[in-house]
$ cat run16.cif   # mmCIF, C-alpha atoms
data_run
loop_
_atom_site.label_atom_id
_atom_site.label_comp_id
_atom_site.auth_asym_id
_atom_site.auth_seq_id
_atom_site.Cartn_x
_atom_site.Cartn_y
_atom_site.Cartn_z
CA MET A 99 -93.54 108.12 -30.71
CA GLU A 100 -94.92 109.80 -27.66
CA ARG A 101 -92.93 112.78 -26.45
CA GLY A 102 -90.27 111.69 -23.99
CA VAL A 103 -90.82 112.98 -20.46
CA HIS A 104 -87.40 114.66 -20.61
CA ASP A 105 -88.10 116.48 -23.89
CA LEU A 106 -89.74 119.59 -22.47
CA GLY A 107 -88.92 122.30 -25.02
CA GLY A 108 -92.00 124.40 -25.79
CA LEU A 109 -94.08 123.22 -22.84
CA PRO A 110 -95.14 125.69 -20.13
CA GLY A 111 -92.52 125.42 -17.40
CA GLY A 112 -93.38 128.16 -14.94
CA PRO A 113 -90.78 130.44 -13.42
CA VAL A 114 -87.14 129.32 -13.27
CA ASP A 115 -85.76 128.75 -9.77
CA LYS A 116 -82.48 130.69 -9.87
CA SER A 117 -81.61 130.28 -6.19
CA GLU A 118 -78.12 129.01 -5.42
CA HIS A 119 -77.77 125.90 -3.27
CA ASP A 120 -75.00 123.68 -2.02
CA TYR A 121 -74.72 120.11 -3.16
CA LEU A 122 -75.48 117.49 -0.54
CA PRO A 123 -72.69 115.03 0.29
CA TRP A 124 -74.49 112.13 -1.40
CA GLU A 125 -74.96 114.23 -4.52
CA LYS A 126 -71.21 114.84 -4.66
CA SER A 127 -70.73 111.08 -4.24
CA VAL A 128 -72.96 110.38 -7.22
CA ASP A 129 -71.00 112.87 -9.29
CA ALA A 130 -67.74 111.22 -8.22
CA ILE A 131 -69.09 107.73 -8.99
CA LEU A 132 -70.00 108.77 -12.52
CA SER A 133 -66.60 110.37 -13.01
CA LEU A 134 -64.88 107.17 -11.87
CA LEU A 135 -67.03 104.99 -14.12
CA VAL A 136 -66.58 107.21 -17.19
CA ASN A 137 -63.03 108.52 -16.90
CA ASP A 138 -61.21 105.98 -14.76
CA LYS A 139 -62.90 102.60 -15.11
CA ARG A 140 -64.31 103.37 -18.58
CA LEU A 141 -67.32 101.21 -17.81
CA MET A 142 -69.87 103.63 -19.23
CA ARG A 143 -70.26 106.89 -21.13
CA VAL A 144 -72.21 110.03 -20.35
CA ASP A 145 -74.31 109.29 -23.44
CA GLU A 146 -75.42 106.08 -21.74
CA LEU A 147 -76.18 108.04 -18.58
CA ARG A 148 -78.49 110.29 -20.57
CA ARG A 149 -80.16 107.38 -22.31
CA GLY A 150 -80.72 105.75 -18.92
CA ILE A 151 -82.28 108.93 -17.51
CA GLU A 152 -84.57 109.22 -20.53
CA SER A 153 -85.57 105.57 -20.05
CA LEU A 154 -86.95 106.17 -16.56
CA ASP A 155 -90.71 105.87 -16.54
CA ALA A 156 -92.51 109.20 -16.40
CA ASP A 157 -93.56 108.87 -12.75
CA ALA A 158 -90.03 108.05 -11.62
CA TYR A 159 -88.58 110.82 -13.78
CA ASN A 160 -90.92 113.40 -12.29
CA GLN A 161 -90.48 112.26 -8.69
CA LEU A 162 -86.70 111.89 -8.64
CA SER A 163 -84.34 114.79 -8.11
CA TYR A 164 -81.50 115.53 -10.53
CA TYR A 165 -78.88 113.32 -8.89
CA GLN A 166 -81.45 110.65 -7.99
CA ARG A 167 -82.06 110.33 -11.72
CA TRP A 168 -78.32 110.01 -12.23
CA ILE A 169 -77.86 107.19 -9.74
CA ALA A 170 -80.97 105.37 -10.97
CA SER A 171 -79.55 105.51 -14.50
CA ILE A 172 -76.05 104.51 -13.40
CA ALA A 173 -77.42 101.47 -11.56
CA ALA A 174 -79.57 100.44 -14.53
CA ILE A 175 -76.68 100.79 -17.00
CA LEU A 176 -74.30 98.77 -14.79
CA VAL A 177 -76.92 96.01 -14.41
CA GLU A 178 -77.39 96.10 -18.20
CA LYS A 179 -73.62 95.65 -18.62
CA SER A 180 -73.58 92.79 -16.08
CA VAL A 181 -71.18 94.65 -13.78
CA PHE A 182 -73.51 93.46 -11.03
CA THR A 183 -77.00 91.97 -10.95
CA LYS A 184 -80.13 93.69 -9.74
CA ALA A 185 -80.33 91.12 -6.93
CA GLU A 186 -76.75 91.89 -5.85
CA LEU A 187 -77.50 95.61 -5.85
CA GLU A 188 -80.69 95.14 -3.82
CA ALA A 189 -78.92 92.86 -1.34
CA ARG A 190 -76.19 95.47 -0.89
CA ILE A 191 -78.73 98.24 -0.37
CA ALA A 192 -80.63 96.10 2.18
CA GLY A 193 -77.39 95.37 4.04
CA ILE A 194 -76.42 99.03 4.25
CA ASP A 195 -79.95 99.94 5.25
CA ALA A 196 -79.90 97.37 8.07
CA ARG A 197 -76.53 98.62 9.25
CA LEU A 198 -77.75 102.22 9.32
CA ARG A 199 -80.90 101.27 11.24
CA ALA A 200 -78.84 99.32 13.77
CA GLY A 201 -76.52 102.29 14.17
CA ALA A 202 -79.42 104.69 14.60
CA THR A 203 -81.02 102.67 17.39
CA SER A 204 -77.92 101.65 19.30
CA MET B 295 -59.93 115.98 -42.77
CA SER B 296 -61.15 112.78 -44.37
CA ALA B 297 -64.81 113.73 -44.22
CA PRO B 298 -65.35 117.46 -44.64
CA ALA B 299 -68.45 119.14 -43.30
CA HIS B 300 -71.36 118.89 -45.71
CA PHE B 301 -72.78 122.35 -44.96
CA ALA B 302 -70.91 125.64 -44.89
CA PRO B 303 -71.83 128.48 -42.54
CA GLY B 304 -74.73 130.46 -44.01
CA THR B 305 -76.34 127.44 -45.66
CA PRO B 306 -80.12 127.13 -45.20
CA VAL B 307 -81.00 123.75 -43.72
CA ARG B 308 -84.04 121.95 -42.43
CA VAL B 309 -84.12 119.60 -39.45
CA GLY B 310 -85.34 116.07 -40.08
CA THR B 311 -88.75 114.96 -38.83
CA GLY B 312 -87.57 111.52 -37.71
CA ASP B 313 -89.08 110.20 -34.51
CA PRO B 314 -87.05 107.16 -33.48
CA PRO B 315 -87.80 105.47 -30.17
CA SER B 316 -84.10 105.61 -29.29
CA HIS B 317 -81.91 108.23 -27.63
CA VAL B 318 -81.50 111.26 -29.88
CA ARG B 319 -79.96 114.71 -29.36
CA THR B 320 -82.43 116.69 -31.45
CA PRO B 321 -85.23 118.15 -29.35
CA ARG B 322 -88.71 117.51 -30.60
CA TYR B 323 -89.71 121.16 -30.93
CA ILE B 324 -87.09 121.85 -33.58
CA ARG B 325 -87.77 118.87 -35.85
CA GLY B 326 -88.93 119.89 -39.32
CA LYS B 327 -87.97 123.55 -38.76
CA PRO B 328 -85.84 125.66 -41.14
CA GLY B 329 -82.63 127.28 -39.94
CA VAL B 330 -79.23 128.49 -41.13
CA ILE B 331 -75.82 127.01 -40.35
CA GLU B 332 -74.19 129.43 -37.91
CA ARG B 333 -70.91 127.54 -37.50
CA ILE B 334 -69.25 124.17 -37.70
CA CYS B 335 -68.48 122.96 -34.17
CA GLY B 336 -66.33 119.98 -35.10
CA ARG B 337 -66.60 116.24 -35.51
CA PHE B 338 -67.57 114.01 -32.61
CA GLY B 339 -68.47 110.43 -31.86
CA ASN B 340 -72.14 109.91 -32.65
CA PRO B 341 -73.92 110.17 -29.27
CA GLU B 342 -76.89 108.26 -30.62
CA ARG B 343 -74.58 105.23 -30.91
CA LEU B 344 -72.44 105.96 -27.85
CA ALA B 345 -75.65 105.88 -25.82
CA TYR B 346 -75.96 102.14 -26.51
CA GLY B 347 -72.39 101.13 -25.81
CA GLY B 348 -71.25 101.59 -29.42
CA ASP B 349 -67.97 103.25 -30.40
CA GLY B 350 -69.73 106.27 -31.95
CA GLN B 351 -68.15 105.72 -35.36
CA PRO B 352 -68.37 107.16 -37.91
CA LYS B 353 -67.94 110.54 -36.30
CA GLN B 354 -70.59 113.11 -37.10
CA THR B 355 -70.12 116.78 -37.86
CA LEU B 356 -71.86 118.93 -35.29
CA TYR B 357 -73.25 122.31 -36.38
CA ARG B 358 -74.61 125.26 -34.51
CA VAL B 359 -77.83 126.08 -36.33
CA ARG B 360 -79.67 129.39 -35.94
CA PHE B 361 -83.46 129.46 -36.05
CA ARG B 362 -85.86 132.39 -36.08
CA GLN B 363 -88.09 132.17 -33.04
CA ASP B 364 -91.12 133.06 -35.15
CA ALA B 365 -90.32 130.09 -37.40
CA ILE B 366 -90.53 127.77 -34.41
CA TRP B 367 -93.48 129.07 -32.40
CA PRO B 368 -96.66 129.96 -34.35
CA ASP B 369 -97.77 132.44 -31.70
CA TYR B 370 -94.35 133.96 -31.01
CA ALA B 371 -94.89 137.50 -29.71
CA GLY B 372 -91.28 138.67 -29.38
CA ALA B 373 -89.15 140.66 -31.79
CA ALA B 374 -88.90 139.42 -35.37
CA GLN B 375 -85.11 139.26 -35.18
CA ASP B 376 -85.13 136.95 -32.13
CA THR B 377 -83.31 133.67 -32.73
CA VAL B 378 -82.30 130.50 -30.92
CA ASP B 379 -79.12 128.51 -31.61
CA ILE B 380 -79.19 124.73 -31.32
CA GLU B 381 -76.30 122.33 -31.85
CA ILE B 382 -77.41 119.57 -34.20
CA TYR B 383 -75.58 116.63 -35.76
CA GLU B 384 -75.25 116.42 -39.53
CA HIS B 385 -77.38 113.32 -39.99
CA TRP B 386 -80.38 115.30 -38.74
CA LEU B 387 -79.97 118.05 -41.37
CA SER B 388 -80.75 118.43 -45.06
CA ALA B 389 -80.27 121.35 -47.45
CA ASP B 390 -83.32 123.61 -47.48
CA SER B 391 -84.09 125.28 -50.80
CA ASP B 392 -87.53 126.39 -49.62
CA LYS B 393 -87.40 130.19 -49.40
CA SER B 394 -90.74 130.49 -47.60
#

$ encode --input "run16.cif" --output "structure tokens"
Amino acid sequence: MERGVHDLGGLPGGPVDKSEHDYLPWEKSVDAILSLLVNDKRLMRVDELRRGIESLDADAYNQLSYYQRWIASIAAILVEKSVFTKAELEARIAGIDARLRAGATS
Amino acid sequence: MSAPAHFAPGTPVRVGTGDPPSHVRTPRYIRGKPGVIERICGRFGNPERLAYGGDGQPKQTLYRVRFRQDAIWPDYAGAAQDTVDIEIYEHWLSADSDKS
């Protein structure tokens, strides 16, 4: 097996960014969504979240931020479990996107 | 306890060299390396099954295993007593009688 893109132990990583930063509102939403799915709805487990993150292709993994990886994994796991289809998810995203654009130009 | 821990603290162990394509919790850099059981952390659902929607049974004993840094990195330049602790599930470990 090729080394997984997430399995970085022993590779040069450069200096560690230790600066403190606030979470963005959408990042808090992602955290809340996972908590609801795992603890309340019991639709998925954190182990599945991790597996989904590790399953991102290397380009996506490297380009996405921490919580972007989370929501990409959450969406993939919920599609896998037939909670919704990929088409339904994309239609919902397109609808919200259209609404936001309309709001921004009005 | 129906299934007691296989290794007691202080036991020399070696990490398996398995390389499955699936989700595992044992980082690549520690596979095949010798260490010593530092403590027994408890028994938990197997995350390598939970990751695929399974129920995680049977539970696996999780150990904290201590490794010498110079046993992990061939060119390690730090102090000889430097160690790293990694939590590893029992099915990744075997007894290590090799005293090298």

$ residues_around --input "run16.cif" --residues "B:Pro314" --least-positions-apart "2" --cutoff "12 Å" --atoms "all atoms listed in the file" --output "JSON, numbers by chain"
{"A": [99, 100, 101, 102], "B": [310, 311, 312, 316, 317, 318, 319, 320, 321, 322, 325, 342, 386]}

$ atom_distance --input "run16.cif" --atom1 "atom CA of A:Lys126" --atom2 "atom CA of A:Ile175"
19.5 Å

$ closest_residue --input "run16.cif" --among "B:Ile366, B:Ile334, B:Leu387, B:Val359" --to "chain A" --atoms "all atoms listed in the file"
B:Ile366

$ residues_around --input "run16.cif" --residues "B:Gln354" --least-positions-apart "5" --cutoff "8 Å" --atoms "only C-alpha atoms" --output "VMD selection string"
chain B and resid 337 to 340 383 to 385

$ residues_around --input "run16.cif" --residues "stretch 163-170 of chain A" --least-positions-apart "6" --cutoff "9 Å" --atoms "all atoms listed in the file" --output "PyMOL selection string"
chain A and resi 124-126+128-129+131-132+147-148+150-151+154

$ interface_residues --input "run16.cif" --of "chain A" --to "chain B" --cutoff "7 Å" --atoms "all atoms listed in the file" --output "PyMOL selection string"
chain A and resi 99+105+107-108+145-146+149

$ atom_distance --input "run16.cif" --atom1 "atom CA of B:Arg358" --atom2 "atom CA of B:Ile331"
6.2 Å

$ residues_around --input "run16.cif" --residues "A:Asp155" --least-positions-apart "4" --cutoff "9 Å" --atoms "only C-alpha atoms" --output "number ranges by chain"
A: 103, 159-160

$ write_last_selection --input "run16.cif" --atoms "C-alpha atoms" --output "mmCIF file, keeping the file's coordinate frame"
data_model
loop_
_atom_site.group_PDB
_atom_site.id
_atom_site.type_symbol
_atom_site.label_atom_id
_atom_site.label_comp_id
_atom_site.auth_asym_id
_atom_site.auth_seq_id
_atom_site.Cartn_x
_atom_site.Cartn_y
_atom_site.Cartn_z
ATOM 1 C CA VAL A 103 -90.820 112.980 -20.460
ATOM 2 C CA TYR A 159 -88.580 110.820 -13.780
ATOM 3 C CA ASN A 160 -90.920 113.400 -12.290
#

$ residues_around --input "run16.cif" --residues "A:Lys179" --least-positions-apart "6" --cutoff "10 Å" --atoms "all atoms listed in the file" --output "VMD selection string"
(chain A and resid 141 to 142 173) or (chain B and resid 347)

$ atom_distance --input "run16.cif" --atom1 "atom CA of A:Ala174" --atom2 "atom CA of A:Glu188"
12.0 Å

$ build_atoms --input "run16.cif" --residues "stretch 345-364 of chain B" --atoms "N, CA and C atoms" --output "CSV table (one decimal), in the frame of the given file"
chain,number,residue,atom,x,y,z
B,345,ALA,N,-74.7,106.1,-26.9
B,345,ALA,CA,-75.6,105.9,-25.8
B,345,ALA,C,-76.0,104.4,-25.6
B,346,TYR,N,-75.6,103.6,-26.6
B,346,TYR,CA,-76.0,102.1,-26.5
B,346,TYR,C,-74.7,101.3,-26.4
B,347,GLY,N,-73.6,101.9,-26.0
B,347,GLY,CA,-72.4,101.1,-25.8
B,347,GLY,C,-71.6,101.0,-27.1
B,348,GLY,N,-72.0,101.6,-28.2
B,348,GLY,CA,-71.2,101.6,-29.4
B,348,GLY,C,-70.0,102.5,-29.3
B,349,ASP,N,-69.2,102.4,-30.4
B,349,ASP,CA,-68.0,103.2,-30.4
B,349,ASP,C,-68.2,104.6,-31.0
B,350,GLY,N,-69.4,104.9,-31.5
B,350,GLY,CA,-69.7,106.3,-32.0
B,350,GLY,C,-69.2,106.6,-33.4
B,351,GLN,N,-68.7,105.5,-34.0
B,351,GLN,CA,-68.2,105.7,-35.4
B,351,GLN,C,-69.2,105.4,-36.4
B,352,PRO,N,-69.3,106.1,-37.6
B,352,PRO,CA,-68.4,107.2,-37.9
B,352,PRO,C,-68.7,108.4,-37.2
B,353,LYS,N,-67.7,109.3,-37.0
B,353,LYS,CA,-67.9,110.5,-36.3
B,353,LYS,C,-68.9,111.4,-37.1
B,354,GLN,N,-69.6,112.2,-36.5
B,354,GLN,CA,-70.6,113.1,-37.1
B,354,GLN,C,-70.2,114.6,-36.9
B,355,THR,N,-70.4,115.3,-38.0
B,355,THR,CA,-70.1,116.8,-37.9
B,355,THR,C,-71.3,117.4,-37.1
B,356,LEU,N,-70.9,118.2,-36.1
B,356,LEU,CA,-71.9,118.9,-35.3
B,356,LEU,C,-71.9,120.4,-35.7
B,357,TYR,N,-73.1,120.9,-36.0
B,357,TYR,CA,-73.2,122.3,-36.4
B,357,TYR,C,-74.0,123.1,-35.3
B,358,ARG,N,-73.7,124.4,-35.3
B,358,ARG,CA,-74.6,125.3,-34.5
B,358,ARG,C,-75.6,125.9,-35.5
B,359,VAL,N,-76.8,125.6,-35.4
B,359,VAL,CA,-77.8,126.1,-36.3
B,359,VAL,C,-78.7,127.2,-35.7
B,360,ARG,N,-78.9,128.2,-36.4
B,360,ARG,CA,-79.7,129.4,-35.9
B,360,ARG,C,-81.1,129.4,-36.5
B,361,PHE,N,-82.1,129.5,-35.7
B,361,PHE,CA,-83.5,129.5,-36.0
B,361,PHE,C,-84.1,130.8,-35.6
B,362,ARG,N,-85.0,131.2,-36.5
B,362,ARG,CA,-85.9,132.4,-36.1
B,362,ARG,C,-86.9,131.9,-35.1
B,363,GLN,N,-87.1,132.6,-34.0
B,363,GLN,CA,-88.1,132.2,-33.0
B,363,GLN,C,-89.5,132.1,-33.7
B,364,ASP,N,-89.8,133.1,-34.6
B,364,ASP,CA,-91.1,133.1,-35.2
B,364,ASP,C,-91.3,132.0,-36.2
